[in-house]
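Enquirer: Input structure: protein.cif, which contains mmCIF, N, CA, C and O atoms.
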data_input
loop_
_atom_site.label_atom_id
_atom_site.label_comp_id
_atom_site.auth_asym_id
_atom_site.auth_seq_id
_atom_site.Cartn_x
_atom_site.Cartn_y
_atom_site.Cartn_z
N MET A 14 87.64 97.99 108.82
CA MET A 14 86.84 96.80 108.63
C MET A 14 87.72 95.72 108.01
O MET A 14 88.75 96.01 107.41
N THR A 15 87.31 94.50 108.16
CA THR A 15 88.01 93.35 107.58
C THR A 15 87.09 92.71 106.58
O THR A 15 85.90 92.52 106.84
N PHE A 16 87.63 92.39 105.40
CA PHE A 16 86.82 91.62 104.46
C PHE A 16 87.60 90.40 104.00
O PHE A 16 88.79 90.44 103.83
N TYR A 17 86.87 89.31 103.87
CA TYR A 17 87.46 88.00 103.63
C TYR A 17 87.23 87.55 102.19
O TYR A 17 86.14 87.68 101.66
N LEU A 18 88.29 87.00 101.61
CA LEU A 18 88.18 86.36 100.31
C LEU A 18 87.77 84.90 100.52
O LEU A 18 86.94 84.36 99.80
N ASN A 19 88.39 84.27 101.51
CA ASN A 19 88.07 82.89 101.86
C ASN A 19 88.47 82.68 103.33
O ASN A 19 88.67 83.66 104.05
N ASP A 20 88.64 81.44 103.74
CA ASP A 20 88.96 81.16 105.14
C ASP A 20 90.35 81.62 105.55
O ASP A 20 90.62 81.80 106.74
N THR A 21 91.25 81.81 104.59
CA THR A 21 92.62 82.17 104.94
C THR A 21 93.07 83.52 104.39
O THR A 21 94.01 84.11 104.91
N ALA A 22 92.43 84.01 103.35
CA ALA A 22 92.85 85.28 102.75
C ALA A 22 91.85 86.37 103.11
O ALA A 22 90.65 86.22 102.93
N TYR A 23 92.40 87.46 103.65
CA TYR A 23 91.54 88.58 104.03
C TYR A 23 92.36 89.86 104.07
O TYR A 23 93.58 89.84 104.07
N TRP A 24 91.65 90.96 104.08
CA TRP A 24 92.26 92.28 104.21
C TRP A 24 91.63 92.92 105.43
O TRP A 24 90.41 92.89 105.60
N ARG A 25 92.45 93.53 106.28
CA ARG A 25 91.91 94.17 107.48
C ARG A 25 92.31 95.64 107.52
O ARG A 25 93.18 96.07 106.77
N ASN A 26 91.65 96.37 108.37
CA ASN A 26 91.86 97.81 108.52
C ASN A 26 91.57 98.56 107.23
O ASN A 26 92.22 99.58 106.93
N VAL A 27 90.63 98.07 106.47
CA VAL A 27 90.19 98.76 105.26
C VAL A 27 89.07 99.72 105.68
O VAL A 27 88.06 99.27 106.23
N PRO A 28 89.27 101.02 105.46
CA PRO A 28 88.20 101.95 105.83
C PRO A 28 86.90 101.60 105.10
O PRO A 28 86.91 101.21 103.93
N GLU A 29 85.81 101.74 105.81
CA GLU A 29 84.51 101.40 105.23
C GLU A 29 84.24 102.22 103.96
O GLU A 29 83.66 101.71 103.00
N LYS A 30 84.67 103.48 103.95
CA LYS A 30 84.47 104.31 102.77
C LYS A 30 85.22 103.75 101.56
O LYS A 30 84.77 103.90 100.42
N VAL A 31 86.36 103.12 101.80
CA VAL A 31 87.12 102.50 100.69
C VAL A 31 86.36 101.29 100.18
O VAL A 31 86.20 101.11 98.97
N TRP A 32 85.90 100.43 101.08
CA TRP A 32 85.15 99.24 100.67
C TRP A 32 83.87 99.62 99.94
O TRP A 32 83.50 99.00 98.95
N ASP A 33 83.21 100.69 100.39
CA ASP A 33 81.94 101.12 99.81
C ASP A 33 82.09 102.00 98.56
O ASP A 33 81.08 102.31 97.92
N TYR A 34 83.32 102.39 98.20
CA TYR A 34 83.54 103.32 97.08
C TYR A 34 82.99 102.72 95.79
O TYR A 34 83.29 101.58 95.45
N THR A 35 82.17 103.50 95.10
CA THR A 35 81.55 103.00 93.88
C THR A 35 81.94 103.84 92.67
O THR A 35 82.18 105.04 92.78
N ILE A 36 82.00 103.17 91.56
CA ILE A 36 82.16 103.80 90.24
C ILE A 36 81.14 103.12 89.34
O ILE A 36 81.09 101.88 89.28
N GLY A 37 80.32 103.91 88.69
CA GLY A 37 79.31 103.34 87.81
C GLY A 37 78.31 102.47 88.54
O GLY A 37 77.74 101.54 87.96
N GLY A 38 78.10 102.74 89.83
CA GLY A 38 77.13 101.98 90.61
C GLY A 38 77.67 100.68 91.18
O GLY A 38 76.92 99.93 91.81
N TYR A 39 78.95 100.39 90.97
CA TYR A 39 79.53 99.15 91.48
C TYR A 39 80.58 99.44 92.54
O TYR A 39 81.39 100.36 92.38
N GLN A 40 80.59 98.65 93.61
CA GLN A 40 81.65 98.74 94.59
C GLN A 40 82.93 98.24 93.93
O GLN A 40 82.99 97.10 93.48
N VAL A 41 83.93 99.09 93.87
CA VAL A 41 85.14 98.80 93.11
C VAL A 41 85.84 97.52 93.58
O VAL A 41 86.09 96.62 92.77
N LEU A 42 86.14 97.45 94.85
CA LEU A 42 86.87 96.26 95.34
C LEU A 42 86.03 94.99 95.23
O LEU A 42 86.55 93.95 94.80
N LYS A 43 84.77 95.08 95.59
CA LYS A 43 83.90 93.90 95.52
C LYS A 43 83.78 93.41 94.07
O LYS A 43 83.85 92.21 93.81
N LYS A 44 83.62 94.33 93.14
CA LYS A 44 83.48 93.96 91.73
C LYS A 44 84.77 93.33 91.21
O LYS A 44 84.74 92.32 90.50
N TRP A 45 85.91 93.94 91.55
CA TRP A 45 87.20 93.42 91.09
C TRP A 45 87.38 91.98 91.58
O TRP A 45 87.77 91.10 90.83
N LEU A 46 87.07 91.76 92.85
CA LEU A 46 87.21 90.42 93.41
C LEU A 46 86.20 89.44 92.81
O LEU A 46 86.51 88.26 92.63
N SER A 47 85.02 89.91 92.47
CA SER A 47 84.01 89.01 91.92
C SER A 47 84.44 88.40 90.59
O SER A 47 84.04 87.29 90.26
N TYR A 48 85.26 89.13 89.85
CA TYR A 48 85.75 88.60 88.57
C TYR A 48 86.91 87.63 88.77
O TYR A 48 87.41 87.06 87.80
N ARG A 49 87.35 87.47 89.99
CA ARG A 49 88.47 86.58 90.27
C ARG A 49 88.10 85.46 91.24
O ARG A 49 88.96 84.89 91.90
N GLU A 50 86.82 85.15 91.30
CA GLU A 50 86.38 84.06 92.17
C GLU A 50 86.92 82.73 91.63
O GLU A 50 87.04 82.53 90.42
N HIS A 51 87.20 81.83 92.56
CA HIS A 51 87.76 80.53 92.19
C HIS A 51 86.86 79.80 91.20
O HIS A 51 87.35 79.21 90.23
N ALA A 52 85.57 79.86 91.41
CA ALA A 52 84.63 79.16 90.53
C ALA A 52 84.70 79.71 89.10
O ALA A 52 84.50 78.97 88.13
N LEU A 53 84.99 80.97 88.97
CA LEU A 53 85.05 81.61 87.66
C LEU A 53 86.38 81.33 86.96
O LEU A 53 86.42 80.99 85.77
N LEU A 54 87.48 81.47 87.70
CA LEU A 54 88.81 81.29 87.11
C LEU A 54 89.32 79.85 87.15
O LEU A 54 90.20 79.49 86.38
N GLY A 55 88.77 79.07 88.07
CA GLY A 55 89.25 77.70 88.23
C GLY A 55 90.59 77.64 88.94
O GLY A 55 91.31 76.65 88.85
N ARG A 56 90.93 78.72 89.65
CA ARG A 56 92.19 78.76 90.38
C ARG A 56 92.06 79.77 91.51
O ARG A 56 91.16 80.58 91.54
N ALA A 57 93.01 79.68 92.43
CA ALA A 57 93.03 80.62 93.54
C ALA A 57 93.60 81.96 93.07
O ALA A 57 94.23 82.05 92.01
N LEU A 58 93.37 82.98 93.86
CA LEU A 58 93.94 84.29 93.61
C LEU A 58 95.46 84.21 93.72
O LEU A 58 95.98 83.56 94.63
N THR A 59 96.17 84.81 92.80
CA THR A 59 97.63 84.80 92.87
C THR A 59 98.09 85.85 93.88
O THR A 59 97.35 86.76 94.26
N ALA A 60 99.34 85.74 94.28
CA ALA A 60 99.91 86.73 95.21
C ALA A 60 99.90 88.11 94.59
O ALA A 60 99.61 89.11 95.27
N ASP A 61 100.19 88.20 93.29
CA ASP A 61 100.16 89.50 92.60
C ASP A 61 98.75 90.09 92.60
O ASP A 61 98.58 91.29 92.77
N GLU A 62 97.76 89.26 92.40
CA GLU A 62 96.37 89.74 92.41
C GLU A 62 95.97 90.20 93.81
O GLU A 62 95.29 91.22 93.96
N ALA A 63 96.41 89.49 94.82
CA ALA A 63 96.12 89.88 96.20
C ALA A 63 96.78 91.23 96.51
O ALA A 63 96.16 92.09 97.14
N ARG A 64 98.00 91.42 96.05
CA ARG A 64 98.68 92.71 96.24
C ARG A 64 97.95 93.82 95.50
O ARG A 64 97.89 94.96 95.96
N GLU A 65 97.40 93.51 94.34
CA GLU A 65 96.67 94.52 93.57
C GLU A 65 95.45 95.01 94.33
O GLU A 65 95.10 96.19 94.26
N VAL A 66 94.80 94.13 95.08
CA VAL A 66 93.67 94.55 95.92
C VAL A 66 94.15 95.59 96.93
O VAL A 66 93.51 96.63 97.11
N THR A 67 95.29 95.32 97.55
CA THR A 67 95.86 96.26 98.53
C THR A 67 96.19 97.59 97.87
O THR A 67 95.85 98.65 98.39
N HIS A 68 96.84 97.54 96.71
CA HIS A 68 97.19 98.77 96.00
C HIS A 68 95.94 99.56 95.58
O HIS A 68 95.91 100.79 95.68
N THR A 69 94.94 98.85 95.11
CA THR A 69 93.70 99.51 94.70
C THR A 69 93.02 100.17 95.89
O THR A 69 92.53 101.30 95.79
N ALA A 70 93.00 99.48 97.02
CA ALA A 70 92.41 100.06 98.23
C ALA A 70 93.14 101.34 98.63
O ALA A 70 92.51 102.33 99.00
N ARG A 71 94.45 101.34 98.51
CA ARG A 71 95.23 102.55 98.85
C ARG A 71 94.93 103.68 97.87
O ARG A 71 94.83 104.84 98.27
N ARG A 72 94.79 103.36 96.60
CA ARG A 72 94.46 104.39 95.61
C ARG A 72 93.07 104.97 95.87
O ARG A 72 92.86 106.18 95.76
N LEU A 73 92.13 104.12 96.20
CA LEU A 73 90.78 104.60 96.50
C LEU A 73 90.79 105.49 97.74
O LEU A 73 90.10 106.53 97.78
N ALA A 74 91.57 105.12 98.75
CA ALA A 74 91.68 105.94 99.96
C ALA A 74 92.24 107.32 99.61
O ALA A 74 91.75 108.34 100.12
N ALA A 75 93.24 107.36 98.73
CA ALA A 75 93.81 108.64 98.31
C ALA A 75 92.76 109.48 97.57
O ALA A 75 92.66 110.69 97.81
N LEU A 76 91.99 108.86 96.70
CA LEU A 76 90.93 109.59 96.00
C LEU A 76 89.90 110.17 96.97
O LEU A 76 89.46 111.30 96.81
N ILE A 77 89.54 109.37 97.95
CA ILE A 77 88.56 109.83 98.94
C ILE A 77 89.11 111.03 99.70
O ILE A 77 88.40 112.01 99.93
N LEU A 78 90.38 110.97 100.08
CA LEU A 78 90.99 112.09 100.80
C LEU A 78 91.12 113.33 99.92
O LEU A 78 91.01 114.46 100.41
N LEU A 79 91.37 113.13 98.64
CA LEU A 79 91.53 114.25 97.70
C LEU A 79 90.21 114.82 97.20
O LEU A 79 90.18 115.90 96.63
N GLN A 80 89.12 114.10 97.40
CA GLN A 80 87.84 114.48 96.81
C GLN A 80 87.43 115.92 97.08
O GLN A 80 87.02 116.62 96.15
N PRO A 81 87.54 116.45 98.30
CA PRO A 81 87.14 117.84 98.51
C PRO A 81 87.95 118.82 97.65
O PRO A 81 87.38 119.75 97.06
N LYS A 82 89.25 118.62 97.55
CA LYS A 82 90.07 119.51 96.72
C LYS A 82 89.76 119.33 95.24
O LYS A 82 89.76 120.30 94.48
N LEU A 83 89.49 118.11 94.82
CA LEU A 83 89.13 117.87 93.44
C LEU A 83 87.80 118.55 93.10
O LEU A 83 87.65 119.11 92.01
N ASP A 84 86.86 118.50 94.03
CA ASP A 84 85.56 119.16 93.81
C ASP A 84 85.72 120.67 93.67
O ASP A 84 85.11 121.29 92.80
N VAL A 85 86.55 121.26 94.54
CA VAL A 85 86.80 122.71 94.46
C VAL A 85 87.45 123.06 93.13
O VAL A 85 87.05 124.02 92.46
N ASN A 86 88.44 122.29 92.74
CA ASN A 86 89.12 122.53 91.47
C ASN A 86 88.16 122.41 90.29
O ASN A 86 88.17 123.24 89.37
N TYR A 87 87.29 121.41 90.33
CA TYR A 87 86.30 121.23 89.27
C TYR A 87 85.40 122.46 89.17
O TYR A 87 85.13 122.95 88.07
N GLN A 88 84.92 122.95 90.31
CA GLN A 88 84.04 124.12 90.30
C GLN A 88 84.75 125.35 89.74
O GLN A 88 84.15 126.12 88.98
N ARG A 89 86.02 125.53 90.08
CA ARG A 89 86.79 126.67 89.56
C ARG A 89 86.92 126.59 88.04
O ARG A 89 86.75 127.58 87.34
N VAL A 90 87.22 125.42 87.55
CA VAL A 90 87.37 125.24 86.10
C VAL A 90 86.02 125.45 85.42
O VAL A 90 85.93 126.11 84.39
N LYS A 91 84.98 124.89 86.00
CA LYS A 91 83.63 125.02 85.43
C LYS A 91 83.22 126.49 85.36
O LYS A 91 82.67 126.94 84.34
N GLU A 92 83.47 127.24 86.41
CA GLU A 92 83.10 128.66 86.44
C GLU A 92 83.94 129.50 85.50
O GLU A 92 83.48 130.53 85.00
N ALA A 93 85.16 129.08 85.22
CA ALA A 93 86.05 129.86 84.37
C ALA A 93 85.96 129.47 82.90
O ALA A 93 86.59 130.09 82.05
N SER A 94 85.17 128.46 82.59
CA SER A 94 85.09 127.99 81.21
C SER A 94 84.10 128.86 80.42
O SER A 94 83.20 129.47 80.96
N HIS A 95 84.31 128.88 79.14
CA HIS A 95 83.47 129.68 78.23
C HIS A 95 82.45 128.76 77.57
O HIS A 95 82.77 127.68 77.10
N SER A 96 81.23 129.21 77.49
CA SER A 96 80.18 128.45 76.82
C SER A 96 80.29 128.72 75.30
O SER A 96 80.29 129.86 74.86
N TRP A 97 80.39 127.67 74.54
CA TRP A 97 80.52 127.79 73.08
C TRP A 97 79.17 127.64 72.38
O TRP A 97 79.09 127.64 71.16
N ALA A 98 78.11 127.49 73.15
CA ALA A 98 76.77 127.34 72.55
C ALA A 98 76.38 128.62 71.83
O ALA A 98 76.64 129.73 72.28
N ALA A 99 75.74 128.46 70.72
CA ALA A 99 75.35 129.62 69.90
C ALA A 99 74.08 130.24 70.38
O ALA A 99 73.25 129.74 71.00
#
Would you put the structure from the file into structure tokens?

Expert:
Amino acid sequence: MTFYLNDTAYWRNVPEKVWDYTIGGYQVLKKWLSYREHALLGRALTADEAREVTHTARRLAALILLQPKLDVNYQRVKEASHSWAA
């Protein structure tokens, strides 16, 4: 999918699962960009900030790909842990 910041800045080939990835009920990329809107900052997005969107999208994609293994690992740890409740 392609998502646009404005008429000239956009990111393409972003998997929908990456764009839709949420933490705490918020879409990560959408929320990050919302705090950097021109009206809020009074300036355009910097090149470094634009690159950070790309890096964040790649990190989210890696998390999504790792999620099944992370879930299995979590279950193993949970099952092997000792309950300290009295």

Enquirer: Return as a PyMOL selection string the full set of residues in chain A whose backbone-based DSSP assignment is strand (DSSP E or B).

Expert: chain A and resi 16-17+23-24+35-36+39-40

Enquirer: I need the residue set behind the PyMOL selection byres (((chain A and resi 30 and name CA) around 10) and name CA) for this file; please write it as a list in words.

Expert: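 On the file shown, the PyMOL selection byres (((chain A and resi 30 and name CA) around 10) and name CA) covers Met14, Val27, Pro28, Glu29, Val31, Trp32, Asp33, Tyr34, Thr35, Leu73, Ala74 and Ile77 of chain A.
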
Enquirer: Which one of A:Ala60, A:Ala22, A:Leu76, A:Val66 sits closest to Trp45 in chain A if you count only C-alpha atoms?

Expert: A:Val66

Enquirer: If the box runs along x, y and z of the file and leaves 6 Å on each side of range 15-21 of chain A, what are its centre and edge lengths in Å, one decimal, as lines of an AutoDock Vina configuration file?

Expert:
center_x = 90.0
center_y = 87.8
center_z = 104.0
size_x = 20.1
size_y = 25.3
size_z = 20.4

Enquirer: Could you state the separation of CA of Tyr17 in chain A and CA of Gln80 in chain A in Å, given to one decimal place?

Expert: 27.3 Å

Enquirer: To one decimal place in Å, what is the distance between atom N of Val41 in chain A and atom C of His68 in chain A?

Expert: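 Atom-to-atom, atom N of Val41 in chain A and atom C of His68 in chain A are spaced 12.1 Å apart.
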
Enquirer: Write down as an MDAnalysis selection string the residues of chain A whose backbone DSSP state falls under helix (DSSP H, G or I).

Expert: chainID A and resid 29:33 41:47 51:54 60:93

Enquirer: At what distance in Å, to one decimal, does atom C of Ala70 in chain A lie from atom N of Thr15 in chain A?

Expert: 13.1 Å

Enquirer: Evaluating the PyMOL selection byres (((chain A and resi 46 and name CA) around 12) and name CA) on the displayed file yields which residues, as an MDAnalysis selection string?

Expert: chainID A and resid 16:19 23 32 39:45 47:54 57:59 62:63 65:67 69:70
